[in-house]
Structures are given as C-alpha cells and as structure tokens.
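*Asks:* Input: one structure, supplied below.
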Amino acid sequence: MNSVNDSGAPAERCSTLCGMCPACVFGPEPPDSDRCLWTVKDDLRRKFIVGLILRCTSVKVLQTIQEALRFTSWTLFNHVRSEIPSCIDVRLARTRTRASDGEPLGLDVNKIFDWFTSSSDTTKSRFILRLFSLCDSELLRMAANLTNVLLARQQQGLTHIDGKEEKTKWILLETWNAATNRSAHHRCLCTSHRPTVFSSLFTQADIFKSAYAKIPTKLQRLEERNVYCGTYFTTVLEDPSRVVDYRTGPLMAVGSKVPVLHLFYVTSELKELKVLKGHAGSIRAVLICEDRDLVITGSFDSSIRCWDWKADKCVASLYGHSGAVNCLDLHGDKIVSGAKDHLVKVWSLETGKHVEKCDFKHPAPVQCVRINATTVYSSCARGLVKVWDLESRALIRVIDAHRNSVRCLFLDDLHLFSADVDGQAMAWSLSSDVKQCLMTFKHPKEVKSLTLVFLRVLTGCTDGKIRVFNFLTGECLKAITVEAENVGILGAATSPRCLTILSHDSIPHKGRDHPAGTLHG
C-alpha cells in the first residue's frame, strides 16, 4: 500500500489497483474498472467497512458518518447506482491481478487499518465517506446501524471494543442487524416474553434491560405479510361527529350527537341491525361487550347505560358523574368511566352500582381510561397519566411527561402507551420498577389510536395516516395513507387478521380473511 499524506492525497498510485487502500480511494480515477457495487454479501469488503467504523473512536467522526447516512434515500441510491454502465476498462483490467477468492493480491488490510487509526479525524471522515460511494444500499444501512450503536455506546460512557476482539465485534454487528432488518422474517417479542436482543446496542439500553430483566424469554419466528390491501365497499353514515366501537367482530356500535345508538352487522357489507334510544344527550363513548351481549354507552347527559342489544332494551343505568362521560373501558365485571367533571369512577356490572371509594380525581377533564384486574389508568386534558390501585384505592404512579392533553392510552401485560394531541406517543414499562420512558414515537399531529403488535407499534394520526414503528428503535417503518386526501383518523381496531380505521370522513376496513371495506361518513 502506498502512503497518503494527512490531507488525504495519495503520494503515488497503487500498483495493484486494489480499490481499498488510500491511494486507490483518493486517486483521481475509480479503482474498480467495472464500478461494481460493494455489497453486503461481499465478505471481504463488508468486514473492511465494519473494521473502519469500529476504529472511529471520535464522536465527531461517528456523527459525520451518521449525518451522511441519515438522509440517504436507499431506493434512489440503488436506482442511480444501477444506471452506471458496467463496461470494463480494458487498461485497468489488464493491470489488475486478483487471487482466486476475489481478494486483490498484495492487499494488506492491517496496514490500511494502522494508517486509518493514526490519521486525523478529517482524513478518516473523507476516506470512509468516499468508500460509501461504492457501497450498495444494504451495506450502507448496515453501516448506519453500526454507527448508531457506537454513538450510543459513546454517549453511555462505554469503551470501544479493541481490535483484538474482531469476532465479538462481528457478533455485535450481526445481532444489531437481526434486531433491525426489514426482511420477511424477524425475531419478535411476544407480549409475555422478554426480547433476547436487548443489550447495550440500543440508545436506551439500560432502561430496556432493566424493564425486561426478570421476564422469561423464548424465540418466536414470524412472517410479515401485507394484509392492508384488497377491494372495499362503501356505506354512508350520516353523522360526521359519530363515535364508534368495533372489535373486528361482526358487531359495530355507533353513537352520535343525536341521542341514538346504532348497531351494525359487519360482513362483506354493512347492515344496520337496530336503533336503541334512551339517552337525553349526545353519545360520547361506546363500548362493546360481546361475551355478555352488551353495548355500554356514555352520554353528554352524565349517565352510563348498558344495553342488551339482542333484547333491544337498556338493562342498567349508572348515575354518579356530574359532567359528560367522555370515555369507558371494561375488564371482567368492572366498568371504568372518565368524565368532564374530572372524575374517574369504577362500576360493577353484577350489581349495577358504583364501587365504593373508587372515585379518582384529575385536575382537568378525563380524556381516556383503561382498566385491568388490579389497576386503573387514566389521562386528562392537562397531560397527566395517573395509575390507581383497585385494592388499596390509592394513587401509585403519576406520569407527567406530556405537555398537552392525552386522549389515547393502550395497555397490555407489560406496557402502557400514552399519546397526546401534540403527536407524541410514549411507551412505559408495567413489569418493572423502571419509570423512564422506554421509547418515544413522534407524529406531526394528534395521535388518536395506538396498538402494540409484537415489536410493531401501529398508530393512527389526525393527519390521515397509519404508521408502523419499530418498538425497539422508534423508527417509522411505514406510513399508510388512508385515502388520497388527508382525513382525520379518530381510532382504529386491530386483530391478527385485519385493521379497521375510524376517521372523520371514513372507516377503511381492510382484512385478510374476508372482503375488505370502507365506510364513508
């Protein structure tokens, strides 16, 4: 390998035209005559790129690499590179001599590494960025992932892995790639299992590690499929201010400003089953309880009604709020309600009465409530999320991370998600003492619905898009536009086989096992 001065200019040409040494990289002509891309399958060049990045001990150099790769359009990059002619420069081809395994003869990778390690930050940046112009999109994506890992380690005060532990470095890189790739198969976290890839790879590694440290694990192989496609049908719902509950089953309940509850049967088309009347004010919340043949509604008239939809009658009326009932949730025989009077109340379906001492107070109107066997979760217009213990009737946790009204909560065995009108969705651990936010998912407008499906976070935003996020990294993997024009999404229902979205103008319903559909309002 020929020497290179600190400015990056080669002292003389490389005699073997290896394409990897500083003389070739900084030379006036491309070293590879056929200009073939360095691919992620090219073991020698992949390890060469990895070795260089791992020797970037300066945060400044890593940040330069991160910035260069952050806004790269992989699709555009592939297209541009593919347009480069693949003709072979005869003169260079005659002077190039390669070994049988494809490695250039006379190449001394260790010598290049020694030169790179002793070079200035400017030279390191110039050298590695020039090499990136030879890499395909997958190799660039791998380089970006590794750079993010190393920057995270630097920010946490973790030392670099030294050059003698090349095998450990490669294992670290492959583990990171396995956690972040977008291929058809992924290692995923079931809701009851700890992820095996949590380590210091992630920016908030210590938080993730603590949150899942005591949870048993197992691997589950999943296949990702695009279920959001197919034909659809259209049905008009007259009231644009409706509220809807739909659990991806055959029954859909729709409330509106008019104090009337509409029940629809959802199959390959939408059929109205019944109209139930009884409230004195508009319906603000609707909840389907299919196993009990009940539909529960909350109204502007401050009451909660339980309807036996098969018998066409109201079987219970619950009174206790002094303001409009904004939200409802159900677990077992317990109903939880939140209202404009700042109160959260718990009710018993068996007795039809308020549960004693289960009045929980917020400093502002309650916007969303969730309940499980032991705990009540509620949010309000001031951005507070409160957690209450049902047995002791005590406030056990307050989340004060949102700066504006929180109108969306999602709950499973391990996590609580909260989303506000500013477009910020946050994940919290319920299975450990970790109080910090696990991950934040950002949106341009208010988030109205949120679901965690394995390691994918599905959100509905009022900008008219459904977004799919990687739970571990916070990266938005896909944004699905509901319609050609932006429409405000009010909610969504998910199941293993379909996705249903409620919007201001429509309810697109797309499934895998039965005809998909759209309900226009």
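Identifiers in this document derive from the order of the structure tokens: chains are assigned A, B, ..., residues are numbered from 1 separately in each chain, and ligands are numbered from 1 in order of occurrence.
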Among segment 354-443 of chain A, which residues does DSSP mark as strand (DSSP E or B) when it is run on the backbone? Keep the chain and numbering as in the structure and answer as a PyMOL selection string.
*Replies:* chain A and resi 354-361+366-371+375-380+385-389+394-399+406-411+415-420+424-429+439-442
*Asks:* Excluding segment 292-296 of chain A and residues on its chain fewer than 3 positions from it, collect all residues at most 7 Å away from it, counting only C-alpha atoms, and give them as a VMD selection string.
*Replies:* chain A and resid 286 to 289 305 to 310
*Asks:* Those residues you just picked out, can you put them in a file as a PDB file, in the first residue's frame with N, CA and C atoms?
*Replies:*
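Produced file again-v8.pdb, reproduced below:
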ATOM      1  N   VAL A 286     -68.653   4.745  23.411  1.00  0.00           N
ATOM      2  CA  VAL A 286     -69.331   3.489  23.108  1.00  0.00           C
ATOM      3  C   VAL A 286     -68.372   2.339  23.389  1.00  0.00           C
ATOM      4  N   LEU A 287     -68.891   1.272  24.009  1.00  0.00           N
ATOM      5  CA  LEU A 287     -68.065   0.121  24.367  1.00  0.00           C
ATOM      6  C   LEU A 287     -68.852  -1.166  24.141  1.00  0.00           C
ATOM      7  N   ILE A 288     -68.323  -2.060  23.321  1.00  0.00           N
ATOM      8  CA  ILE A 288     -68.971  -3.340  23.045  1.00  0.00           C
ATOM      9  C   ILE A 288     -68.442  -4.401  23.996  1.00  0.00           C
ATOM     10  N   CYS A 289     -69.362  -5.155  24.597  1.00  0.00           N
ATOM     11  CA  CYS A 289     -69.019  -6.298  25.447  1.00  0.00           C
ATOM     12  C   CYS A 289     -69.699  -7.524  24.837  1.00  0.00           C
ATOM     13  N   ARG A 305     -75.208   3.882  30.211  1.00  0.00           N
ATOM     14  CA  ARG A 305     -76.273   2.898  30.017  1.00  0.00           C
ATOM     15  C   ARG A 305     -75.702   1.603  29.458  1.00  0.00           C
ATOM     16  N   CYS A 306     -76.243   0.481  29.959  1.00  0.00           N
ATOM     17  CA  CYS A 306     -75.873  -0.842  29.484  1.00  0.00           C
ATOM     18  C   CYS A 306     -77.062  -1.408  28.710  1.00  0.00           C
ATOM     19  N   TRP A 307     -76.805  -1.729  27.429  1.00  0.00           N
ATOM     20  CA  TRP A 307     -77.866  -2.174  26.542  1.00  0.00           C
ATOM     21  C   TRP A 307     -77.706  -3.657  26.228  1.00  0.00           C
ATOM     22  N   ASP A 308     -78.777  -4.412  26.399  1.00  0.00           N
ATOM     23  CA  ASP A 308     -78.823  -5.780  25.891  1.00  0.00           C
ATOM     24  C   ASP A 308     -79.284  -5.684  24.438  1.00  0.00           C
ATOM     25  N   TRP A 309     -78.321  -5.770  23.522  1.00  0.00           N
ATOM     26  CA  TRP A 309     -78.669  -5.478  22.134  1.00  0.00           C
ATOM     27  C   TRP A 309     -79.532  -6.578  21.494  1.00  0.00           C
ATOM     28  N   LYS A 310     -79.469  -7.781  22.031  1.00  0.00           N
ATOM     29  CA  LYS A 310     -80.334  -8.836  21.493  1.00  0.00           C
ATOM     30  C   LYS A 310     -81.779  -8.662  21.944  1.00  0.00           C
TER      31      LYS A 310
END
*Asks:* Between atom CA of Lys274 of chain A and atom CA of Ser337 of chain A, what is the distance in Å, rounded to a tenth?
*Replies:*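 Distance between the two atoms: 24.8 Å.
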*Asks:* What does the distance between atom CA of Leu455 of chain A and atom CA of Leu414 of chain A come to in Å, to one decimal place?
*Replies:*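 If I compute the distance from atom CA of Leu455 of chain A to atom CA of Leu414 of chain A, I get 12.5 Å.
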*Asks:* List the spatial neighbours of Thr57 of chain A as a list in words - criterion: any atom at most 10 Å away, only C-alpha atoms, same-chain residues fewer than 2 positions off excluded.
*Replies:*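 Near Thr57 of chain A, the qualifying residues are Ile53, Leu54, Arg55, Val59, Lys60, Val61, Leu62, Thr117, Asp121, Leu150, Leu151, Gln154, Thr159, His160 and Ile161 of chain A.
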*Asks:* With N, CA and C atoms retained, write the just-selected residues as a short mmCIF file (atom, residue, chain, number, x, y, z; two decimals), in the first residue's frame.
*Replies:*
data_model
loop_
_atom_site.label_atom_id
_atom_site.label_comp_id
_atom_site.auth_asym_id
_atom_site.auth_seq_id
_atom_site.Cartn_x
_atom_site.Cartn_y
_atom_site.Cartn_z
N ILE A 53 -15.25 1.44 10.64
CA ILE A 53 -16.19 2.14 11.53
C ILE A 53 -15.87 1.86 12.99
N LEU A 54 -15.51 0.62 13.29
CA LEU A 54 -15.19 0.27 14.67
C LEU A 54 -13.92 0.96 15.17
N ARG A 55 -13.10 1.44 14.24
CA ARG A 55 -11.88 2.17 14.62
C ARG A 55 -12.10 3.68 14.67
N VAL A 59 -16.21 10.81 18.52
CA VAL A 59 -17.63 11.10 18.36
C VAL A 59 -17.86 11.98 17.14
N LYS A 60 -16.94 12.88 16.87
CA LYS A 60 -17.07 13.78 15.73
C LYS A 60 -17.13 13.00 14.42
N VAL A 61 -16.27 12.01 14.26
CA VAL A 61 -16.25 11.20 13.04
C VAL A 61 -17.54 10.39 12.93
N LEU A 62 -17.96 9.77 14.04
CA LEU A 62 -19.19 8.97 14.02
C LEU A 62 -20.41 9.83 13.69
N THR A 117 -6.13 4.34 11.68
CA THR A 117 -6.16 4.63 13.12
C THR A 117 -5.30 5.84 13.47
N ASP A 121 -9.05 13.12 12.24
CA ASP A 121 -10.49 12.91 12.10
C ASP A 121 -10.98 13.32 10.72
N LEU A 150 -22.50 2.52 17.96
CA LEU A 150 -21.26 3.04 18.56
C LEU A 150 -21.47 4.41 19.19
N LEU A 151 -22.28 5.24 18.55
CA LEU A 151 -22.58 6.54 19.15
C LEU A 151 -23.33 6.38 20.47
N GLN A 154 -20.86 5.45 23.07
CA GLN A 154 -20.07 6.61 23.48
C GLN A 154 -20.85 7.50 24.44
N THR A 159 -16.70 1.94 26.60
CA THR A 159 -15.50 1.97 25.79
C THR A 159 -15.69 1.17 24.53
N HIS A 160 -14.89 1.52 23.51
CA HIS A 160 -14.90 0.78 22.26
C HIS A 160 -14.34 -0.62 22.48
N ILE A 161 -14.78 -1.56 21.67
CA ILE A 161 -14.19 -2.90 21.69
C ILE A 161 -12.87 -2.82 20.94
#
*Asks:* Name the residues in contact with Met20 of chain A at a cut-off of 10 Å, using only C-alpha atoms, excluding same-chain residues fewer than 4 positions from it; report them as a list in words.
*Replies:*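 Neighbouring residues, sequence-local ones excluded: Met1, Cys14, Cys24, Val25, Phe26, Pro31, Asp32, Arg45, Phe48, Ile49, Pro104, Leu107, Asp108, Val109, Ile112, Phe127 and Leu131 of chain A.
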*Asks:* Given only C-alpha atoms as the basis, pick out the residue of A:Leu52, A:Val369, A:Val398, A:Ile207 nearest to Phe113 of chain A.
*Replies:* A:Leu52
*Asks:* For Val366 of chain A, which residue out of A:Asn326, A:Ser303, A:Thr122, A:Ser348 is the nearest one, using only C-alpha atoms?
*Replies:*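 Going through A:Asn326, A:Ser303, A:Thr122, A:Ser348 one by one, the smallest distance to Val366 of chain A is for A:Asn326.
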*Asks:* What does the distance from atom CA of Gly464 of chain A to atom CA of Phe300 of chain A come to in Å, to one decimal?
*Replies:*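 That distance, rounded to one decimal, is 27.3 Å.
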*Asks:* Could you give me, as JSON, numbers by chain, the residues within 8 Å of segment 138-142 of chain A, counting only C-alpha atoms and dropping anything in the same chain fewer than 4 positions from it?
*Replies:* {"A": [38, 39, 40, 46, 69, 132, 146, 177]}
*Asks:* Counting only C-alpha atoms, which residue out of A:Ile466, A:Ile304, A:Ala311, A:Leu416 sits closest to Cys327 of chain A?
*Replies:*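 Using only C-alpha atoms, Cys327 of chain A sits closest to A:Ile304.
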*Asks:* Give me the residues within 9 Å of Ile335 of chain A as a VMD selection string, counting only C-alpha atoms and dropping any in the same chain fewer than 5 places off.
*Replies:* chain A and resid 328 to 330 345 to 349 371
